[in-house]
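A.B. asks: The structure follows.
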Protein chains: 2
Amino acid sequence: MPSSKKLVRLGLVGLGFGANYADHIRTGKVRRMQVTAVAARDRAKWARVPEAQGFPSAGALLASGLVDAVLVATPHTSHAAIGIAALQAGRHVLVEKPLAVHKSEAQRLIAAHQDQRLVFAAMFNQRTDPFYQKIRELVRRGTLGAIRRVSWTITDMFRPEAYYRAVSWRASWAGEGGGLLLNQCPHNLDLLQWMVGMPVRVRAFCNFGRYHAIEAEDDVTAYMEFPTGATGVLTTSTGEAPGTNRLEIAAENGRLVYEDDRLTFRRNAVPAAEFSRTATEPFAKLANTEEIFPITGHGGQQVEVLQNFADAILDGAPLIAPAAEGLGSLELANAMLLSTWTNSTIKLPLNGRRYAKALKEKIAATAGQ
Amino acid sequence: MPSSKKLVRLGLVGLGFGANYADHIRTGKVRRMQVTAVAARDRAKWARVPEAQGFPSAGALLASGLVDAVLVATPHTSHAAIGIAALQAGRHVLVEKPLAVHKSEAQRLIAAHQDQRLVFAAMFNQRTDPFYQKIRELVRRGTLGAIRRVSWTITDMFRPEAYYRAVSWRASWAGEGGGLLLNQCPHNLDLLQWMVGMPVRVRAFCNFGRYHAIEAEDDVTAYMEFPTGATGVLTTSTGEAPGTNRLEIAAENGRLVYEDDRLTFRRNAVPAAEFSRTATEPFAKLANTEEIFPITGHGGQQVEVLQNFADAILDGAPLIAPAAEGLGSLELANAMLLSTWTNSTIKLPLNGRRYAKALKEKIAATAGQ
């Protein structure tokens with residue numbers, strides 16, 4: 001039987017934003033995949049995916065025998081429990097970002113992936129963007145040389161009060177385990193560690209409810225130090241309008257800037273450190289040339305990740321984002337919150353149990369208010 | 001007697017970079033000013049300003065009766081002592097940036113300005129740049145509305161090792177009281193506080209000798225909080241090539257970006273906070289329009305400050321940079337170093353005596369090595 005005849009029977013758990021995935025699949029954007037079951041507590045939502053059978057819970061969906069794979073698109077607090085149940089039931093799993101609300105929970109989820117025949121992926125769809133792919137390639141191929149500084153300002157994620165009012169769990173400690181860092185920013189945190197690796201120290205300054213009537217952070221500035229000695233700043237907010245999305249990487253061989261759909265590399269004539277050592281004039285300037293990479297579009301995004309999930313299941317295609325790699329972005333988000341709460345620099349890898357305890361205390365303190 | 005006939009007889013103390021000022025004056029770029037005396041320990045340097053009489057010390061120059069005013073262009077450690085002597089001798093004073101190496105010393109210098117008939121100015125020549133003047137005007141007139149974030153990356157100040165090797169006092173604690181923050185950055189620190197005011201809290205991460213064989217900082221990232229709740233990041237380095245000079249101000253009424261000789265304002269259709277409160281769609285986007293200010297050139301710089309100094313002495317013209325305003329940039333530089341040394345957030349105003357003590361300890365510790 002040719003593999004083109006095979007089909008992934010997908011169970012969709014969570015019909016909020018998740019229903020959009022069913023639309024992509026139904027309209028043929030994703031090949032060899034069909035939504036055969038959906039799970040949502042609110043039965044009225046089942047009609048949103050008429051081709052699928054509805055179930056009131058993930059457990060009922062898993063027990064139905066109707067699905068080979070599960071897409072977990074519930075609020076973050078239930079990602080781990082549903083993901084673990086699905087893996088234990090022998091289903092392939094694609095989980096929405098973030099993997100979980102804290103590192104320990106995500107580690108438990110990843111540990112449940114015992115059967116390596118099961119495909120376990122995460123929805124880090126921005127990895128399909130050719131701009132970020134190109135940046136990663138330039139870093140990994142050594143085109144940039146050693147990285148000295150990474151500055152990323154991501155403030156183009158404005159949300160009005162209506163956004164937070166619309167869903168009660170948003171940007172609350174109990175409901176989401178955070179705000180901006182757990183909801184809007186996971187993609188950027190993932191891309192950061194995917195492109196340049198994880199920092200070893202983080203000192204962050206989160207502002208809680210600065211722009212909105214919410215418990216959690218809607219504004220973050222974080223200073224990072226990388227194992228190579230490179231430094232970095234991440235600045236992000238859902239309160240600024242109009243915002244900025246600018247990534248700048250200063251490196252030995254030049255400076256890379258990504259902003260306004262333009263990726264520009266100013267390439268040094270010789271590496272900066274070598275020039276510094278050998279120049280004889282006190283005010284010597286290092287020559288450089290500008291290169292603009294001809295990139296258009298932002299890739300297949302969610303559709304491409306769905307297709308990749310199907311291809312991985314049916315053909316063994318390598319995953320765009322193995323779920324285990326989702327630990328990095330979550331660790332960064334957790335570390336930034338812990339740094340602010342403790343007014344201190346956090347060394348990575350993060351102590352997951354310490355963070356889980358701190359978050360639990362935050363939830364308890366808020367519930368008591 | 002028409003004021004055009006009057007002349008300021010200037011004594012130039014320090015003939016390193018200072019000799020360039022004499023060139024500007026000799027070649028007629030500055031009206032109604034003449035260098036009549038110079039002071040430098042190394043007599044061979046006197047010939048650099050042939051029109052002036054040479055003296056081996058500032059004291060001898062002041063005692064000569066040949067000067068109405070003094071320009072102090074010695075290494076920073078002697079600015080205060082020479083400035084105080086000149087003011088006490090009844091001379092007008094123009095002092096190079098920074099005013100001194102630490103706040104307490106600068107306060108002593110400012111306190112010596114008892115006779116308000118004497119003009120006391122500082123060489124903050126970048127205040128003559130029409131780009132920065134326009135930004136200040138947009139802030140002060142309320143065009144931007146309340147400021148939310150100020151991010152300034154100033155890494156276009158690359159210096160090779162040869163720069164630090166050329167002069168022994170550079171970037172040493174004893175010789176300069178710091179590196180980047182005391183030498184290259186005072187202009188930017190001054191402009192920052194001149195445009196948007198002083199922060200109330202500073203948490204900085206200075207890297208000492210990161211790019212060069214020097215004692216002091218050549219790389220700084222600083223997080224700032226302003227009295228209004230606005231936040232900010234300043235990133236600066238003498239090790240990056242090619243560098244960046246980009247100032248971004250996110251405000252209620254829009255976003256201002258200054259980079260590559262272009263000042264751009266994206267003006268919001270309504271203020272961001274009002275839009276956030278009133279928008280009914282969770283993903284509502286705030287419309288904006290782009291405005292590019294037609295500015296060319298960077299002003300008269302040092303020549304303009306020299307002319308302003310003469311005009312203030314002869315006609316009572318208001319100063320571009322009264323020396324007392326030089327305290328802000330020095331306080332920021334000191335606070336960033338102290339924050340790094342103490343691994344803590346520094347509240348402003350800075351405790352000047354605490355800083356002086358910390359710097360003294362740093363000098364002693366280094367001398368002992």
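How things are named: the first chain in the structure tokens is A, the next is B, and so on; residues count from 1 in each chain; ligands count from 1 in the order shown.
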Residues of chain B no more than 9 Å from chain A, counting only C-alpha atoms: send them over as a short mmCIF file (atom, residue, chain, number, x, y, z; two decimals) with all heavy atoms, in the first residue's frame.
C.D. replies:
```
data_model
loop_
_atom_site.label_atom_id
_atom_site.label_comp_id
_atom_site.auth_asym_id
_atom_site.auth_seq_id
_atom_site.Cartn_x
_atom_site.Cartn_y
_atom_site.Cartn_z
N ARG B 148 6.84 55.32 27.88
CA ARG B 148 6.72 53.98 28.46
C ARG B 148 8.05 53.26 28.51
O ARG B 148 8.32 52.52 29.44
CB ARG B 148 5.72 53.15 27.64
CG ARG B 148 4.31 53.72 27.60
CD ARG B 148 3.80 54.04 28.99
NE ARG B 148 2.43 54.53 28.97
CZ ARG B 148 1.89 55.20 29.96
NH1 ARG B 148 2.61 55.51 31.05
NH2 ARG B 148 0.65 55.61 29.89
N ARG B 149 8.87 53.44 27.47
CA ARG B 149 10.15 52.71 27.40
C ARG B 149 11.14 53.51 26.58
O ARG B 149 10.78 54.09 25.55
CB ARG B 149 9.94 51.33 26.76
CG ARG B 149 11.22 50.51 26.63
CD ARG B 149 10.93 49.09 26.12
NE ARG B 149 10.24 49.09 24.83
CZ ARG B 149 10.85 49.26 23.66
NH1 ARG B 149 12.16 49.42 23.58
NH2 ARG B 149 10.15 49.27 22.53
N PHE B 158 33.55 51.58 18.52
CA PHE B 158 34.64 50.60 18.51
C PHE B 158 36.00 51.26 18.73
O PHE B 158 36.30 52.30 18.15
CB PHE B 158 34.65 49.86 17.17
CG PHE B 158 35.81 48.92 17.00
CD1 PHE B 158 35.76 47.64 17.53
CD2 PHE B 158 36.97 49.32 16.33
CE1 PHE B 158 36.83 46.77 17.38
CE2 PHE B 158 38.04 48.46 16.19
CZ PHE B 158 37.98 47.18 16.71
N ARG B 159 36.79 50.67 19.59
CA ARG B 159 38.17 51.10 19.78
C ARG B 159 39.07 49.88 19.72
O ARG B 159 38.80 48.87 20.38
CB ARG B 159 38.36 51.76 21.16
CG ARG B 159 37.58 53.03 21.38
CD ARG B 159 38.15 54.21 20.61
NE ARG B 159 37.46 55.46 20.97
CZ ARG B 159 36.30 55.87 20.45
NH1 ARG B 159 35.69 55.13 19.54
NH2 ARG B 159 35.77 57.01 20.83
N PRO B 160 40.14 49.96 18.93
CA PRO B 160 41.10 48.84 18.91
C PRO B 160 42.01 48.90 20.14
O PRO B 160 42.05 49.92 20.84
CB PRO B 160 41.91 49.11 17.63
CG PRO B 160 41.86 50.59 17.46
CD PRO B 160 40.53 51.06 18.03
N GLU B 161 42.74 47.85 20.38
CA GLU B 161 43.69 47.81 21.50
C GLU B 161 44.64 49.01 21.45
O GLU B 161 45.02 49.55 22.48
CB GLU B 161 44.51 46.51 21.45
CG GLU B 161 43.76 45.27 21.88
CD GLU B 161 43.52 45.20 23.39
OE1 GLU B 161 44.06 46.03 24.15
OE2 GLU B 161 42.77 44.32 23.80
N ALA B 162 45.02 49.42 20.24
CA ALA B 162 45.98 50.53 20.07
C ALA B 162 45.48 51.80 20.76
O ALA B 162 46.29 52.60 21.27
CB ALA B 162 46.21 50.81 18.58
N TYR B 163 44.16 51.98 20.79
CA TYR B 163 43.60 53.16 21.46
C TYR B 163 43.93 53.15 22.95
O TYR B 163 44.33 54.17 23.51
CB TYR B 163 42.08 53.16 21.25
CG TYR B 163 41.34 54.17 22.12
CD1 TYR B 163 41.24 55.50 21.74
CD2 TYR B 163 40.75 53.77 23.32
CE1 TYR B 163 40.57 56.42 22.55
CE2 TYR B 163 40.07 54.67 24.12
CZ TYR B 163 39.98 55.99 23.73
OH TYR B 163 39.32 56.89 24.52
N TYR B 164 43.79 52.00 23.57
CA TYR B 164 44.03 51.91 25.01
C TYR B 164 45.52 51.91 25.33
O TYR B 164 45.94 52.40 26.37
CB TYR B 164 43.33 50.67 25.59
CG TYR B 164 41.82 50.78 25.52
CD1 TYR B 164 41.09 50.11 24.54
CD2 TYR B 164 41.13 51.59 26.42
CE1 TYR B 164 39.71 50.24 24.46
CE2 TYR B 164 39.74 51.71 26.35
CZ TYR B 164 39.04 51.03 25.36
OH TYR B 164 37.67 51.16 25.29
N ARG B 165 46.31 51.35 24.41
CA ARG B 165 47.75 51.33 24.63
C ARG B 165 48.37 52.71 24.50
O ARG B 165 49.41 53.01 25.09
CB ARG B 165 48.43 50.41 23.60
CG ARG B 165 48.46 48.94 23.98
CD ARG B 165 49.49 48.17 23.15
NE ARG B 165 49.27 48.34 21.70
CZ ARG B 165 48.64 47.45 20.94
NH1 ARG B 165 48.17 46.33 21.44
NH2 ARG B 165 48.49 47.67 19.65
N ALA B 166 47.71 53.59 23.71
CA ALA B 166 48.32 54.88 23.35
C ALA B 166 48.52 55.79 24.56
O ALA B 166 49.46 56.59 24.59
CB ALA B 166 47.46 55.58 22.29
N PHE B 205 24.92 45.91 34.31
CA PHE B 205 25.79 44.75 34.15
C PHE B 205 26.97 45.21 33.31
O PHE B 205 26.89 45.26 32.08
CB PHE B 205 25.01 43.63 33.46
CG PHE B 205 23.70 43.31 34.15
CD1 PHE B 205 22.53 44.00 33.81
CD2 PHE B 205 23.66 42.37 35.17
CE1 PHE B 205 21.34 43.73 34.45
CE2 PHE B 205 22.46 42.11 35.82
CZ PHE B 205 21.29 42.79 35.47
N ARG B 210 36.35 43.16 28.82
CA ARG B 210 35.79 42.06 28.05
C ARG B 210 36.42 41.95 26.66
O ARG B 210 36.67 40.85 26.18
CB ARG B 210 34.27 42.27 27.90
CG ARG B 210 33.62 41.26 26.99
CD ARG B 210 32.11 41.42 26.94
NE ARG B 210 31.57 40.49 25.96
CZ ARG B 210 30.31 40.47 25.55
NH1 ARG B 210 29.46 41.34 26.06
NH2 ARG B 210 29.90 39.62 24.65
N TYR B 211 36.62 43.09 26.03
CA TYR B 211 37.15 43.10 24.66
C TYR B 211 38.60 43.57 24.58
O TYR B 211 39.22 43.44 23.53
CB TYR B 211 36.31 44.04 23.78
CG TYR B 211 34.91 43.56 23.49
CD1 TYR B 211 33.81 44.08 24.17
CD2 TYR B 211 34.69 42.59 22.52
CE1 TYR B 211 32.53 43.65 23.89
CE2 TYR B 211 33.41 42.16 22.22
CZ TYR B 211 32.33 42.69 22.91
OH TYR B 211 31.06 42.27 22.63
N HIS B 212 39.10 44.19 25.66
CA HIS B 212 40.43 44.79 25.60
C HIS B 212 41.21 44.47 26.88
O HIS B 212 40.61 44.17 27.92
CB HIS B 212 40.31 46.31 25.47
CG HIS B 212 39.46 46.77 24.33
ND1 HIS B 212 38.11 47.04 24.48
CD2 HIS B 212 39.76 46.99 23.02
CE1 HIS B 212 37.62 47.42 23.30
NE2 HIS B 212 38.59 47.39 22.40
N THR B 221 25.41 46.85 29.93
CA THR B 221 23.97 46.79 29.72
C THR B 221 23.32 47.30 31.01
O THR B 221 23.65 46.81 32.09
CB THR B 221 23.50 45.34 29.46
OG1 THR B 221 24.24 44.80 28.37
CG2 THR B 221 22.01 45.31 29.12
N ALA B 222 22.43 48.27 30.90
CA ALA B 222 21.82 48.84 32.11
C ALA B 222 20.31 48.92 31.95
O ALA B 222 19.80 49.38 30.93
CB ALA B 222 22.38 50.23 32.38
N TYR B 223 19.62 48.46 32.99
CA TYR B 223 18.16 48.56 33.04
C TYR B 223 17.82 49.73 33.97
O TYR B 223 18.40 49.86 35.04
CB TYR B 223 17.58 47.26 33.60
CG TYR B 223 16.09 47.29 33.84
CD1 TYR B 223 15.20 47.31 32.78
CD2 TYR B 223 15.58 47.30 35.14
CE1 TYR B 223 13.82 47.33 33.02
CE2 TYR B 223 14.21 47.31 35.37
CZ TYR B 223 13.33 47.33 34.30
OH TYR B 223 11.98 47.34 34.52
N GLY B 229 7.39 55.49 35.97
CA GLY B 229 7.13 54.07 35.75
C GLY B 229 7.70 53.60 34.42
O GLY B 229 7.70 52.41 34.12
N THR B 231 10.34 52.38 31.72
CA THR B 231 11.52 51.54 31.87
C THR B 231 12.49 51.88 30.74
O THR B 231 12.11 52.56 29.77
CB THR B 231 11.15 50.05 31.80
OG1 THR B 231 10.43 49.81 30.60
CG2 THR B 231 10.30 49.66 32.99
N GLY B 232 13.71 51.40 30.86
CA GLY B 232 14.68 51.69 29.81
C GLY B 232 15.84 50.74 29.84
O GLY B 232 16.13 50.12 30.87
N VAL B 233 16.50 50.61 28.70
CA VAL B 233 17.72 49.81 28.61
C VAL B 233 18.75 50.60 27.83
O VAL B 233 18.44 51.16 26.76
CB VAL B 233 17.48 48.47 27.88
CG1 VAL B 233 18.80 47.73 27.66
CG2 VAL B 233 16.53 47.58 28.67
N THR B 235 22.50 50.00 26.20
CA THR B 235 23.49 48.98 25.87
C THR B 235 24.63 49.68 25.14
O THR B 235 24.38 50.37 24.15
CB THR B 235 22.88 47.92 24.94
OG1 THR B 235 21.71 47.39 25.56
CG2 THR B 235 23.86 46.80 24.67
N GLY B 239 33.64 47.37 21.97
CA GLY B 239 34.21 46.16 21.38
C GLY B 239 33.51 45.67 20.13
O GLY B 239 34.04 44.83 19.42
N GLU B 240 32.33 46.19 19.86
CA GLU B 240 31.58 45.69 18.71
C GLU B 240 31.92 46.44 17.43
O GLU B 240 32.09 47.65 17.44
CB GLU B 240 30.07 45.85 18.96
CG GLU B 240 29.52 44.90 19.98
CD GLU B 240 28.02 45.07 20.14
OE1 GLU B 240 27.36 45.62 19.24
OE2 GLU B 240 27.50 44.67 21.19
N ALA B 241 31.99 45.68 16.35
CA ALA B 241 32.14 46.29 15.03
C ALA B 241 31.41 45.41 14.04
O ALA B 241 31.58 44.20 14.09
CB ALA B 241 33.61 46.41 14.65
N PRO B 242 30.62 45.96 13.14
CA PRO B 242 30.21 47.36 13.14
C PRO B 242 29.18 47.56 14.24
O PRO B 242 28.47 46.62 14.60
CB PRO B 242 29.55 47.52 11.76
CG PRO B 242 29.13 46.16 11.36
CD PRO B 242 29.97 45.17 12.09
N GLY B 243 29.08 48.74 14.77
CA GLY B 243 28.16 48.95 15.88
C GLY B 243 26.81 49.46 15.43
O GLY B 243 26.51 49.56 14.24
N THR B 244 26.01 49.77 16.44
CA THR B 244 24.66 50.28 16.25
C THR B 244 24.53 51.58 17.04
O THR B 244 25.11 51.70 18.11
CB THR B 244 23.65 49.26 16.81
OG1 THR B 244 23.70 48.07 16.01
CG2 THR B 244 22.23 49.80 16.84
N ALA B 250 9.25 54.41 23.23
CA ALA B 250 7.86 53.95 23.11
C ALA B 250 7.03 54.81 24.06
O ALA B 250 7.35 54.91 25.25
CB ALA B 250 7.75 52.48 23.48
N ALA B 251 5.99 55.43 23.53
CA ALA B 251 5.19 56.35 24.33
C ALA B 251 3.71 56.17 24.03
O ALA B 251 3.35 55.44 23.11
CB ALA B 251 5.63 57.79 24.05
N GLU B 252 2.91 56.83 24.82
CA GLU B 252 1.45 56.76 24.66
C GLU B 252 1.01 57.11 23.24
O GLU B 252 0.14 56.47 22.67
CB GLU B 252 0.79 57.76 25.62
CG GLU B 252 0.41 57.17 26.93
CD GLU B 252 -0.47 55.95 26.79
OE1 GLU B 252 -1.62 56.11 26.37
OE2 GLU B 252 0.00 54.84 27.08
N ASN B 253 1.61 58.16 22.69
CA ASN B 253 1.13 58.66 21.40
C ASN B 253 1.84 58.05 20.20
O ASN B 253 1.55 58.43 19.06
CB ASN B 253 1.26 60.18 21.35
CG ASN B 253 0.35 60.85 22.37
OD1 ASN B 253 -0.56 60.21 22.91
ND2 ASN B 253 0.61 62.11 22.66
N GLY B 254 2.78 57.13 20.46
CA GLY B 254 3.44 56.50 19.35
C GLY B 254 4.85 56.08 19.67
O GLY B 254 5.23 56.05 20.84
N ARG B 255 5.60 55.75 18.64
CA ARG B 255 6.96 55.25 18.81
C ARG B 255 7.94 56.08 17.98
O ARG B 255 7.76 56.28 16.77
CB ARG B 255 7.03 53.80 18.35
CG ARG B 255 8.35 53.12 18.67
CD ARG B 255 8.50 51.82 17.88
NE ARG B 255 8.63 52.11 16.46
CZ ARG B 255 9.15 51.27 15.57
NH1 ARG B 255 9.54 50.07 15.94
NH2 ARG B 255 9.24 51.59 14.30
N ARG B 266 6.09 57.03 14.58
CA ARG B 266 4.84 56.38 14.19
C ARG B 266 3.80 56.87 15.19
O ARG B 266 3.84 56.48 16.35
CB ARG B 266 4.97 54.85 14.23
CG ARG B 266 5.95 54.30 13.20
CD ARG B 266 5.70 52.82 12.95
NE ARG B 266 4.52 52.66 12.12
CZ ARG B 266 4.52 52.59 10.79
NH1 ARG B 266 5.66 52.61 10.13
NH2 ARG B 266 3.41 52.48 10.12
N ARG B 267 2.89 57.69 14.70
CA ARG B 267 1.94 58.36 15.57
C ARG B 267 0.63 57.57 15.66
O ARG B 267 0.02 57.27 14.63
CB ARG B 267 1.67 59.77 15.03
CG ARG B 267 0.91 60.68 15.95
CD ARG B 267 0.46 61.95 15.22
NE ARG B 267 1.56 62.83 14.84
CZ ARG B 267 1.96 63.88 15.55
NH1 ARG B 267 1.34 64.19 16.67
NH2 ARG B 267 2.96 64.64 15.12
N ASN B 268 0.22 57.26 16.88
CA ASN B 268 -1.02 56.51 17.08
C ASN B 268 -2.25 57.36 16.76
O ASN B 268 -2.26 58.56 17.03
CB ASN B 268 -1.11 56.04 18.54
CG ASN B 268 -0.13 54.93 18.85
OD1 ASN B 268 0.23 54.16 17.97
ND2 ASN B 268 0.29 54.85 20.10
N PRO B 271 -4.34 57.68 21.79
CA PRO B 271 -3.32 57.21 22.74
C PRO B 271 -3.51 55.72 23.05
O PRO B 271 -4.64 55.23 23.13
CB PRO B 271 -3.55 58.08 23.98
CG PRO B 271 -4.19 59.33 23.44
CD PRO B 271 -5.06 58.87 22.30
N ALA B 272 -2.39 55.02 23.25
CA ALA B 272 -2.42 53.56 23.41
C ALA B 272 -3.29 53.11 24.59
O ALA B 272 -4.06 52.16 24.47
CB ALA B 272 -0.99 53.03 23.56
N ALA B 273 -3.19 53.79 25.73
CA ALA B 273 -3.94 53.37 26.92
C ALA B 273 -5.45 53.55 26.71
O ALA B 273 -6.25 52.72 27.12
CB ALA B 273 -3.48 54.15 28.15
N PHE B 275 -6.96 53.46 23.79
CA PHE B 275 -7.37 52.42 22.85
C PHE B 275 -7.51 51.08 23.57
O PHE B 275 -8.46 50.33 23.33
CB PHE B 275 -6.34 52.32 21.73
CG PHE B 275 -6.71 51.30 20.68
CD1 PHE B 275 -7.67 51.59 19.72
CD2 PHE B 275 -6.09 50.06 20.65
CE1 PHE B 275 -8.01 50.65 18.75
CE2 PHE B 275 -6.43 49.12 19.69
CZ PHE B 275 -7.39 49.42 18.75
N SER B 276 -6.57 50.80 24.47
CA SER B 276 -6.61 49.54 25.21
C SER B 276 -7.90 49.42 26.03
O SER B 276 -8.52 48.36 26.08
CB SER B 276 -5.39 49.44 26.14
OG SER B 276 -5.42 48.23 26.87
N ARG B 277 -8.31 50.52 26.64
CA ARG B 277 -9.52 50.54 27.47
C ARG B 277 -10.80 50.40 26.66
O ARG B 277 -11.77 49.80 27.09
CB ARG B 277 -9.62 51.86 28.25
CG ARG B 277 -8.87 51.92 29.56
CD ARG B 277 -9.33 53.12 30.38
NE ARG B 277 -9.37 54.37 29.62
CZ ARG B 277 -8.33 55.19 29.43
NH1 ARG B 277 -7.15 54.89 29.95
NH2 ARG B 277 -8.46 56.30 28.74
N THR B 278 -10.81 51.01 25.46
CA THR B 278 -12.07 51.16 24.72
C THR B 278 -12.27 50.14 23.60
O THR B 278 -13.41 49.93 23.16
CB THR B 278 -12.17 52.58 24.13
OG1 THR B 278 -10.99 52.81 23.33
CG2 THR B 278 -12.24 53.62 25.24
N ALA B 279 -11.18 49.51 23.14
CA ALA B 279 -11.32 48.54 22.04
C ALA B 279 -12.18 47.36 22.50
O ALA B 279 -12.06 46.92 23.64
CB ALA B 279 -9.95 48.05 21.59
N THR B 280 -13.05 46.86 21.63
CA THR B 280 -13.94 45.77 22.03
C THR B 280 -13.48 44.42 21.48
O THR B 280 -13.84 43.37 22.00
CB THR B 280 -15.38 46.03 21.54
OG1 THR B 280 -15.34 46.32 20.14
CG2 THR B 280 -15.98 47.23 22.28
N GLU B 281 -12.66 44.42 20.42
CA GLU B 281 -12.15 43.18 19.85
C GLU B 281 -10.88 42.75 20.58
O GLU B 281 -9.95 43.55 20.75
CB GLU B 281 -11.80 43.38 18.36
CG GLU B 281 -13.02 43.59 17.48
CD GLU B 281 -13.93 42.38 17.49
OE1 GLU B 281 -13.41 41.25 17.42
OE2 GLU B 281 -15.16 42.56 17.59
N PRO B 282 -10.78 41.46 20.98
CA PRO B 282 -9.59 40.99 21.70
C PRO B 282 -8.27 41.22 20.95
O PRO B 282 -7.23 41.41 21.56
CB PRO B 282 -9.85 39.50 21.88
CG PRO B 282 -11.34 39.37 21.87
CD PRO B 282 -11.82 40.41 20.91
N PHE B 283 -8.32 41.17 19.61
CA PHE B 283 -7.08 41.35 18.84
C PHE B 283 -7.08 42.68 18.07
O PHE B 283 -6.45 42.78 17.02
CB PHE B 283 -6.84 40.16 17.92
CG PHE B 283 -6.49 38.90 18.67
CD1 PHE B 283 -7.49 38.02 19.08
CD2 PHE B 283 -5.17 38.61 19.01
CE1 PHE B 283 -7.18 36.86 19.79
CE2 PHE B 283 -4.85 37.46 19.72
CZ PHE B 283 -5.85 36.59 20.11
N ALA B 284 -7.80 43.67 18.60
CA ALA B 284 -7.88 44.98 17.95
C ALA B 284 -6.49 45.57 17.75
O ALA B 284 -5.62 45.44 18.61
CB ALA B 284 -8.74 45.92 18.80
N LYS B 285 -6.29 46.19 16.60
CA LYS B 285 -5.00 46.82 16.28
C LYS B 285 -5.20 48.34 16.22
O LYS B 285 -6.16 48.81 15.63
CB LYS B 285 -4.48 46.35 14.92
CG LYS B 285 -4.09 44.87 14.89
CD LYS B 285 -2.71 44.64 15.49
CE LYS B 285 -2.36 43.16 15.55
NZ LYS B 285 -1.50 42.82 16.68
N LEU B 286 -4.25 49.05 16.80
CA LEU B 286 -4.30 50.51 16.82
C LEU B 286 -3.61 51.07 15.57
O LEU B 286 -2.45 50.77 15.32
CB LEU B 286 -3.61 51.00 18.10
CG LEU B 286 -3.41 52.49 18.30
CD1 LEU B 286 -4.66 53.29 18.00
CD2 LEU B 286 -2.96 52.75 19.73
N ALA B 287 -4.35 51.87 14.79
CA ALA B 287 -3.79 52.44 13.57
C ALA B 287 -2.76 53.52 13.89
O ALA B 287 -2.84 54.17 14.93
CB ALA B 287 -4.92 53.05 12.72
N ASN B 288 -1.79 53.69 13.01
CA ASN B 288 -0.81 54.76 13.18
C ASN B 288 -0.35 55.28 11.83
O ASN B 288 -0.57 54.63 10.80
CB ASN B 288 0.37 54.27 14.02
CG ASN B 288 1.15 53.18 13.31
OD1 ASN B 288 1.80 53.42 12.29
ND2 ASN B 288 1.06 51.95 13.83
N ASN B 343 26.35 44.14 42.77
CA ASN B 343 25.36 43.18 42.28
C ASN B 343 23.96 43.53 42.80
O ASN B 343 23.22 42.68 43.30
CB ASN B 343 25.76 41.76 42.73
CG ASN B 343 25.01 40.69 41.98
OD1 ASN B 343 24.53 40.91 40.87
ND2 ASN B 343 24.86 39.52 42.59
N SER B 344 23.60 44.79 42.70
CA SER B 344 22.31 45.24 43.23
C SER B 344 21.78 46.44 42.45
O SER B 344 22.49 47.06 41.66
CB SER B 344 22.46 45.63 44.70
OG SER B 344 23.26 46.79 44.81
#
```
A.B. asks: DSSP on the backbone: what in region 58-123 of chain B comes out helix (DSSP H, G or I), as a VMD selection string?
C.D. replies: chain B and resid 58 to 63 76 to 88 103 to 111
A.B. asks: Set the distance at 7 Å and use only C-alpha atoms: which residues neighbour region 350-364 of chain A once local chain neighbours fewer than 5 positions away are removed? I'd like the list as a list in words.
C.D. replies: His102, Lys103, Ser104, Trp173, Ala174, Glu331, Asn334, Ala335 and Leu338 of chain A
A.B. asks: Quick one: everything within 10 Å of Gln53 (chain B), counting only C-alpha atoms, minus sequence neighbours fewer than 5 positions away in the same chain. Send it as an MDAnalysis selection string.
C.D. replies: chainID B and resid 11 35:39 46:47 61 64 66
A.B. asks: Would you kindly return, as a PyMOL selection string, each protein, DNA or RNA residue with an atom no farther than 8 Å from any atom of Arg201 (chain A), considering only C-alpha atoms and excluding same-chain residues fewer than 5 positions away?
C.D. replies: chain A and resi 224-226+345-348
A.B. asks: Could you please write out, as a PyMOL selection string, every residue of region 257-299 of chain B that DSSP assigns to strand (DSSP E or B)?
C.D. replies: chain B and resi 257-259+262-268+288-292
A.B. asks: To one decimal place, how far is CA of Leu87 (chain A) from CA of Gln116 (chain A) in Å?
C.D. replies: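 Taking CA of Leu87 (chain A) as the start and CA of Gln116 (chain A) as the end point, the length is 10.2 Å.
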A.B. asks: Can you tell me, as a PyMOL selection string, what residues are no more than 7 Å from Glu259 (chain B) when counting only C-alpha atoms, ignoring any on the same chain fewer than 4 positions away?
C.D. replies: chain B and resi 245-247+263
A.B. asks: Do a neighbour search on Gly197 (chain A) at 12 Å with only C-alpha atoms, toss out local chain neighbours closer than 4 positions, and write the hits as a list of chain:residue names.
C.D. replies: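 Counting only C-alpha atoms, the residues come to A:Arg136, A:Val139, A:Arg140, A:Ile147, A:Val150, A:Leu189, A:Asp190, A:Leu191, A:Leu192, A:Gln193, A:Met224, A:Glu225, A:Phe226, A:Pro227, A:Thr228, A:Ala230, A:Thr231, A:Gly232, A:Glu325, A:Gly328, A:Ser329, A:Leu332.
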